[in-house]
Protein chains: 2
Amino acid sequence: MPVADEHARLCLVLVATRNPLNLGAAARAMSNFGFSQLRVVNPYEIAFREARSAVGAAAVLANAQEYKTLAEAVADCTLVVGTTAIRHRELLHPMRRLEIGARLIRKRLTAHRVALVFGSEKTGLSNQDLSHCHWLMNVPTREGHISMNLGQAVAVCLYELVRNGKAGGRPEKIPPATSGEIERIGEVLLDALRLSGYLKPGAGPAAKEKMRRLIRRLHLQHADAEVLLGMLRKILWNLKTGSARQT
Amino acid sequence: MPVADEHARLCLVLVATRNPLNLGAAARAMSNFGFSQLRVVNPYEIAFREARSAVGAAAVLANAQEYKTLAEAVADCTLVVGTTAIRHRELLHPMRRLEIGARLIRKRLTAHRVALVFGSEKTGLSNQDLSHCHWLMNVPTREGHISMNLGQAVAVCLYELVRNGKAGGRPEKIPPATSGEIERIGEVLLDALRLSGYLKPGAGPAAKEKMRRLIRRLHLQHADAEVLLGMLRKILWNLKTGSARQT
């Protein structure tokens with residue numbers, strides 16, 4: 001199977017991975033299935049390049065990019081999909097079975113970057129991590145034992161992505177917003193909500209995460225994101241000057 | 001997913017496995033996907049029960065049966081399928097892609113035992129091992145890197161066995177916003193944009209329609225619509241009081 005453009009657009013993002021063997025195994029599965037973009041957020045072992053079990057995956061590991069935050073790691077992606085074993089995490093995010101989710105990912109990959117995010121072996125993805133995700137995907141494991149080994153979960157997800165050659169989704173014609181754009185909208189909206197008193201001054205990260213999730217659920221298109229950002233900036237500017245004149 | 005009779009009829013056979021981590025990983029994947037019959041032929045490490053990475057798979061490992069020969073291990077199976085990364089092993093055996101092979105295995109499992117055989121990490125299945133197989137199956141990996149990690153290969157094969165090809169996307173249960181809610185959001189947003197000067201006072205119905213289309217493209221959920229409306233009303237109220245004080 002040749003490494004298609006579609007494959008080059010998939011970014012596998014590993015957050016706070018603890019075990020170098022798992023990093024290596026993830027890289028190996030990527031190499032097996034023709035993916036190359038490995039992004040590592042805040043890995044537990046800085047020496048992740050030494051991951052030993054990555055037989056034949058040296059190229060993937062050597063080219064892996066390291067990020068301080070998940071936000072930076074997914075900034076250029078228009079779709080961010082989190083993987084989780086937890087089935088009913090408060091239903092804050094839509095949850096899709098791997099098979100259904102993979103179909104949507106393949107469709108998006110025909111023209112845009114997609115991030116597939118895996119959390120640490122111990123804790124999975126945090127609520128803050130999840131707030132960067134558009135939706136979640138799970139592997140249909142047995143109720144009694146849903147938690148998969150990281151390297152195996154990566155392998156199964158990537159297999160499902162390449163499995164069906166015929167399922168080539170038609171490219172989506174309307175360019176979606178990138179995570180970076182969504183992040184900027186979130187920032188401006190937060191400022192506006194703070195200034196207007198909707199958010200209390202002491203509002204913590206939970207409020208921010210809630211906002212981020214809400215904006216992600218909107219399925220913003222790129223062009224609309226620009227328009228919305230323009231609106232919000234104008235409103236924010238007015239709130240600022242208004243409050244400036246009050247003092 | 002309940003452990004069905006079909007699952008109990010699948011025997012995963014590991015021949016001459018060298019690495020206890022891989023044994024553990026295989027057992028874990030079996031547990032994840034609801035399989036229980038692990039058969040081990042001549043394992044390199046006698047202490048295979050100590051396989052450490054088998055989080056939650058202790059039951060599978062404890063019940064694993066040990067055999068001296070592959071012939072004994074598959075004696076009660078009506079179908080023996082070998083897995084191999086090698087694509088063109090002399091064509092002595094029919095070779096099937098995982099997806100096709102899994103379909104045949106599932107069919108057979110409805111009434112009979114099936115053995116799914118994996119060779120050692122280093123050498124795979126020998127020609128003698130292969131002679132016990134009815135046919136071979138491979139995972140569709142990239143030509144340049146076909147050899148998978150044993151634990152990952154097991155996970156991918158078992159996933160394909162339990163994956164439900166017919167699985168239709170269940171409709172999402174999250175209630176979408178009504179047109180009325182979208183309309184109200186549009187009204188408040190328009191007011192805010194007029195007050196902040198984003199929209200000129202003379203802006204006609206075209207601007208309003210454009211706004212409505214934009215909001216409709218957002219795929220708003222009912223709960224999010226309420227939150228957004230709350231935010232916008234608060235912002236609008238502030239814009240109003242701010243501008244009131246300016247005059």
# chains A, B, ... in the order shown; residues from 1 in each chain; ligands from 1
>>> select_by_dssp(residues="region 14-237 of chain B", states="helix (DSSP H, G or I)", output="JSON, numbers by chain")
{"B": [20, 21, 22, 23, 24, 25, 26, 27, 28, 29, 30, 31, 32, 33, 48, 49, 50, 58, 59, 60, 61, 62, 70, 71, 72, 73, 98, 99, 100, 101, 102, 103, 104, 105, 106, 107, 108, 109, 127, 128, 129, 130, 143, 144, 145, 150, 151, 152, 153, 154, 155, 156, 157, 158, 159, 160, 161, 162, 179, 180, 181, 182, 183, 184, 185, 186, 187, 188, 189, 190, 191, 192, 193, 194, 195, 205, 206, 207, 208, 209, 210, 211, 212, 213, 214, 215, 216, 222, 223, 224, 225, 226, 227, 228, 229, 230, 231, 232, 233, 234, 235, 236, 237]}
>>> interface_residues(of="chain A", to="chain B", cutoff="7 Å", atoms="only C-alpha atoms", output="MDAnalysis selection string")
chainID A and resid 1:2 31:34 100 141:143 145:146 148 151:152 155:156 159 193 196 198 214 218:220 224 231 234:235 238:239 242:243
>>> calpha_fit_rmsd(fixed="chain B", moving="chain A")
24.2 Å
>>> residues_around(residues="Val80 (chain B)", least_positions_apart="5", cutoff="9 Å", atoms="only C-alpha atoms", output="mmCIF file with all heavy atoms, in the first residue's frame")
data_model
loop_
_atom_site.group_PDB
_atom_site.id
_atom_site.type_symbol
_atom_site.label_atom_id
_atom_site.label_comp_id
_atom_site.auth_asym_id
_atom_site.auth_seq_id
_atom_site.Cartn_x
_atom_site.Cartn_y
_atom_site.Cartn_z
ATOM 1 N N VAL B 74 -4.271 -28.113 17.744
ATOM 2 C CA VAL B 74 -5.386 -27.810 16.832
ATOM 3 C C VAL B 74 -6.232 -29.046 16.542
ATOM 4 O O VAL B 74 -7.102 -29.016 15.669
ATOM 5 C CB VAL B 74 -4.876 -27.203 15.493
ATOM 6 C CG1 VAL B 74 -4.088 -25.927 15.762
ATOM 7 C CG2 VAL B 74 -4.033 -28.207 14.719
ATOM 8 N N ARG B 113 -15.105 -25.369 16.212
ATOM 9 C CA ARG B 113 -13.893 -24.729 16.712
ATOM 10 C C ARG B 113 -12.980 -24.314 15.566
ATOM 11 O O ARG B 113 -12.785 -25.076 14.614
ATOM 12 C CB ARG B 113 -13.117 -25.705 17.588
ATOM 13 C CG ARG B 113 -13.513 -25.701 19.023
ATOM 14 C CD ARG B 113 -12.489 -26.496 19.824
ATOM 15 N NE ARG B 113 -13.106 -27.191 20.933
ATOM 16 C CZ ARG B 113 -13.525 -26.574 22.036
ATOM 17 N NH1 ARG B 113 -13.369 -25.282 22.171
ATOM 18 N NH2 ARG B 113 -14.090 -27.265 22.996
ATOM 19 N N VAL B 114 -12.405 -23.131 15.710
ATOM 20 C CA VAL B 114 -11.439 -22.634 14.726
ATOM 21 C C VAL B 114 -10.159 -22.261 15.463
ATOM 22 O O VAL B 114 -10.216 -21.657 16.541
ATOM 23 C CB VAL B 114 -11.983 -21.390 13.988
ATOM 24 C CG1 VAL B 114 -10.928 -20.811 13.041
ATOM 25 C CG2 VAL B 114 -13.262 -21.723 13.235
ATOM 26 N N ALA B 115 -9.022 -22.628 14.879
ATOM 27 C CA ALA B 115 -7.731 -22.213 15.447
ATOM 28 C C ALA B 115 -7.154 -21.077 14.618
ATOM 29 O O ALA B 115 -7.128 -21.148 13.384
ATOM 30 C CB ALA B 115 -6.762 -23.389 15.454
ATOM 31 N N LEU B 116 -6.727 -20.043 15.318
ATOM 32 C CA LEU B 116 -6.050 -18.929 14.659
ATOM 33 C C LEU B 116 -4.615 -18.952 15.188
ATOM 34 O O LEU B 116 -4.378 -18.758 16.380
ATOM 35 C CB LEU B 116 -6.751 -17.619 15.013
ATOM 36 C CG LEU B 116 -6.226 -16.350 14.351
ATOM 37 C CD1 LEU B 116 -6.272 -16.454 12.828
ATOM 38 C CD2 LEU B 116 -7.034 -15.142 14.818
ATOM 39 N N VAL B 117 -3.664 -19.208 14.279
ATOM 40 C CA VAL B 117 -2.304 -19.554 14.701
ATOM 41 C C VAL B 117 -1.312 -18.430 14.385
ATOM 42 O O VAL B 117 -1.274 -17.923 13.260
ATOM 43 C CB VAL B 117 -1.844 -20.853 13.996
ATOM 44 C CG1 VAL B 117 -0.514 -21.318 14.565
ATOM 45 C CG2 VAL B 117 -2.902 -21.947 14.140
ATOM 46 N N HIS B 132 -0.120 -27.479 8.801
ATOM 47 C CA HIS B 132 -1.321 -27.774 9.597
ATOM 48 C C HIS B 132 -2.469 -26.808 9.290
ATOM 49 O O HIS B 132 -3.566 -26.960 9.831
ATOM 50 C CB HIS B 132 -0.997 -27.695 11.090
ATOM 51 C CG HIS B 132 -0.086 -28.775 11.553
ATOM 52 N ND1 HIS B 132 -0.532 -30.039 11.864
ATOM 53 C CD2 HIS B 132 1.251 -28.796 11.723
ATOM 54 C CE1 HIS B 132 0.492 -30.788 12.227
ATOM 55 N NE2 HIS B 132 1.594 -30.055 12.149
ATOM 56 N N CYS B 133 -2.187 -25.808 8.483
ATOM 57 C CA CYS B 133 -3.190 -24.757 8.244
ATOM 58 C C CYS B 133 -3.989 -25.020 6.973
ATOM 59 O O CYS B 133 -3.437 -25.459 5.962
ATOM 60 C CB CYS B 133 -2.507 -23.400 8.124
ATOM 61 S SG CYS B 133 -1.602 -22.934 9.614
ATOM 62 N N HIS B 134 -5.271 -24.700 7.043
ATOM 63 C CA HIS B 134 -6.094 -24.812 5.848
ATOM 64 C C HIS B 134 -5.816 -23.673 4.887
ATOM 65 O O HIS B 134 -5.778 -23.841 3.679
ATOM 66 C CB HIS B 134 -7.582 -24.816 6.234
ATOM 67 C CG HIS B 134 -8.004 -26.038 6.957
ATOM 68 N ND1 HIS B 134 -7.867 -26.173 8.326
ATOM 69 C CD2 HIS B 134 -8.524 -27.214 6.522
ATOM 70 C CE1 HIS B 134 -8.322 -27.361 8.701
ATOM 71 N NE2 HIS B 134 -8.722 -28.011 7.625
ATOM 72 N N TRP B 135 -5.650 -22.528 5.429
ATOM 73 C CA TRP B 135 -5.252 -21.384 4.602
ATOM 74 C C TRP B 135 -4.597 -20.327 5.487
ATOM 75 O O TRP B 135 -4.580 -20.459 6.712
ATOM 76 C CB TRP B 135 -6.406 -20.812 3.787
ATOM 77 C CG TRP B 135 -7.748 -20.683 4.461
ATOM 78 C CD1 TRP B 135 -8.747 -21.614 4.438
ATOM 79 C CD2 TRP B 135 -8.244 -19.576 5.222
ATOM 80 N NE1 TRP B 135 -9.837 -21.162 5.137
ATOM 81 C CE2 TRP B 135 -9.563 -19.904 5.628
ATOM 82 C CE3 TRP B 135 -7.735 -18.338 5.581
ATOM 83 C CZ2 TRP B 135 -10.361 -19.048 6.383
ATOM 84 C CZ3 TRP B 135 -8.516 -17.468 6.337
ATOM 85 C CH2 TRP B 135 -9.821 -17.833 6.730
ATOM 86 N N LEU B 136 -4.081 -19.299 4.823
ATOM 87 C CA LEU B 136 -3.361 -18.254 5.557
ATOM 88 C C LEU B 136 -4.085 -16.921 5.441
ATOM 89 O O LEU B 136 -4.877 -16.695 4.532
ATOM 90 C CB LEU B 136 -1.938 -18.101 4.999
ATOM 91 C CG LEU B 136 -1.109 -19.387 4.955
ATOM 92 C CD1 LEU B 136 0.267 -19.104 4.370
ATOM 93 C CD2 LEU B 136 -0.998 -19.988 6.343
#
>>> select_by_dssp(residues="region 20-172 of chain A", states="strand (DSSP E)", output="ChimeraX atom specification")
/A:37-41,65-67,79-83,95-97,114-118,135-138
>>> write_last_selection(atoms="N, CA, C and O atoms", output="compact mmCIF listing (two decimals), in the first residue's frame")
# COMPACT_ATOMS: atom_id res chain seq x y z
N GLN A 37 3.17 10.78 10.52
CA GLN A 37 3.17 11.99 11.36
C GLN A 37 2.88 11.66 12.81
O GLN A 37 1.73 11.62 13.25
N LEU A 38 3.94 11.48 13.57
CA LEU A 38 3.79 11.23 15.01
C LEU A 38 4.07 12.51 15.77
O LEU A 38 5.10 13.16 15.56
N ARG A 39 3.13 12.90 16.62
CA ARG A 39 3.31 14.08 17.45
C ARG A 39 3.20 13.68 18.91
O ARG A 39 2.26 12.97 19.28
N VAL A 40 4.14 14.12 19.68
CA VAL A 40 4.21 13.67 21.07
C VAL A 40 4.07 14.88 21.98
O VAL A 40 4.79 15.85 21.85
N VAL A 41 3.08 14.84 22.85
CA VAL A 41 2.86 15.95 23.78
C VAL A 41 3.38 15.55 25.15
O VAL A 41 2.91 14.57 25.73
N GLN A 65 7.46 14.81 16.27
CA GLN A 65 7.59 16.17 16.75
C GLN A 65 7.06 16.26 18.17
O GLN A 65 6.05 15.66 18.50
N GLU A 66 7.76 17.07 18.97
CA GLU A 66 7.41 17.17 20.38
C GLU A 66 6.74 18.50 20.66
O GLU A 66 7.17 19.54 20.17
N TYR A 67 5.67 18.46 21.45
CA TYR A 67 4.93 19.68 21.78
C TYR A 67 4.75 19.78 23.29
O TYR A 67 4.68 18.78 23.98
N LEU A 79 -9.87 18.54 12.30
CA LEU A 79 -10.67 17.58 13.05
C LEU A 79 -9.77 16.92 14.08
O LEU A 79 -8.68 16.47 13.74
N VAL A 80 -10.22 16.95 15.33
CA VAL A 80 -9.43 16.37 16.41
C VAL A 80 -10.29 15.28 17.07
O VAL A 80 -11.36 15.57 17.61
N VAL A 81 -9.84 14.05 16.97
CA VAL A 81 -10.62 12.92 17.50
C VAL A 81 -9.87 12.30 18.67
O VAL A 81 -8.72 11.90 18.54
N GLY A 82 -10.53 12.26 19.81
CA GLY A 82 -9.92 11.63 20.98
C GLY A 82 -10.33 10.17 21.06
O GLY A 82 -11.43 9.81 20.64
N THR A 83 -9.44 9.35 21.56
CA THR A 83 -9.80 7.95 21.75
C THR A 83 -9.92 7.70 23.25
O THR A 83 -9.13 8.21 24.03
N MET A 95 -19.82 10.34 21.00
CA MET A 95 -18.94 9.17 21.01
C MET A 95 -19.28 8.32 19.81
O MET A 95 -20.45 8.02 19.57
N ARG A 96 -18.28 7.93 19.05
CA ARG A 96 -18.55 7.11 17.88
C ARG A 96 -17.76 5.81 17.95
O ARG A 96 -16.61 5.80 18.36
N ARG A 97 -18.37 4.73 17.51
CA ARG A 97 -17.67 3.47 17.36
C ARG A 97 -16.57 3.64 16.34
O ARG A 97 -16.73 4.37 15.36
N VAL A 114 -6.04 15.68 10.10
CA VAL A 114 -6.84 15.17 11.21
C VAL A 114 -5.90 14.69 12.31
O VAL A 114 -4.88 14.05 12.02
N ALA A 115 -6.22 15.03 13.56
CA ALA A 115 -5.44 14.52 14.68
C ALA A 115 -6.20 13.38 15.36
O ALA A 115 -7.39 13.50 15.64
N LEU A 116 -5.50 12.29 15.58
CA LEU A 116 -6.06 11.16 16.33
C LEU A 116 -5.28 11.09 17.63
O LEU A 116 -4.07 10.85 17.62
N VAL A 117 -5.98 11.35 18.75
CA VAL A 117 -5.28 11.60 20.01
C VAL A 117 -5.45 10.44 21.00
O VAL A 117 -6.58 9.98 21.25
N PHE A 118 -4.34 10.00 21.56
CA PHE A 118 -4.35 8.94 22.57
C PHE A 118 -3.75 9.48 23.86
O PHE A 118 -2.71 10.12 23.84
N TRP A 135 -14.86 15.11 18.70
CA TRP A 135 -15.64 13.98 19.19
C TRP A 135 -14.71 12.86 19.61
O TRP A 135 -13.50 12.95 19.42
N LEU A 136 -15.30 11.84 20.19
CA LEU A 136 -14.50 10.74 20.70
C LEU A 136 -14.82 9.45 19.95
O LEU A 136 -15.89 9.31 19.36
N MET A 137 -13.89 8.54 20.02
CA MET A 137 -14.04 7.29 19.31
C MET A 137 -13.63 6.17 20.25
O MET A 137 -12.71 6.32 21.03
N ASN A 138 -14.35 5.06 20.21
CA ASN A 138 -13.91 3.93 21.00
C ASN A 138 -13.88 2.63 20.20
O ASN A 138 -14.59 2.48 19.22
>>> atom_distance(atom1="CA of Arg18 (chain A)", atom2="CA of Ala59 (chain A)")
20.6 Å
>>> atom_distance(atom1="CA of Gly124 (chain A)", atom2="CA of Ala8 (chain A)")
25.1 Å
>>> atom_distance(atom1="CA of Ala85 (chain B)", atom2="CA of Gln128 (chain B)")
16.4 Å
>>> residues_around(residues="Asp5 (chain B)", least_positions_apart="5", cutoff="10 Å", atoms="only C-alpha atoms", output="PyMOL selection string")
chain B and resi 10+35+109-112
>>> residues_around(residues="Lys208 (chain B)", least_positions_apart="6", cutoff="9 Å", atoms="only C-alpha atoms", output="mmCIF file with N, CA, C and O atoms, in the first residue's frame")
data_model
loop_
_atom_site.group_PDB
_atom_site.id
_atom_site.type_symbol
_atom_site.label_atom_id
_atom_site.label_comp_id
_atom_site.auth_asym_id
_atom_site.auth_seq_id
_atom_site.Cartn_x
_atom_site.Cartn_y
_atom_site.Cartn_z
ATOM 1 N N GLY B 186 -30.140 34.361 16.456
ATOM 2 C CA GLY B 186 -29.895 35.301 15.356
ATOM 3 C C GLY B 186 -30.305 36.720 15.711
ATOM 4 O O GLY B 186 -29.571 37.666 15.445
ATOM 5 N N GLU B 187 -31.470 36.851 16.333
ATOM 6 C CA GLU B 187 -31.973 38.183 16.689
ATOM 7 C C GLU B 187 -31.025 38.882 17.659
ATOM 8 O O GLU B 187 -30.663 40.048 17.486
ATOM 9 N N LEU B 190 -27.739 39.781 16.055
ATOM 10 C CA LEU B 190 -27.901 40.939 15.171
ATOM 11 C C LEU B 190 -27.913 42.243 15.969
ATOM 12 O O LEU B 190 -27.255 43.219 15.603
#
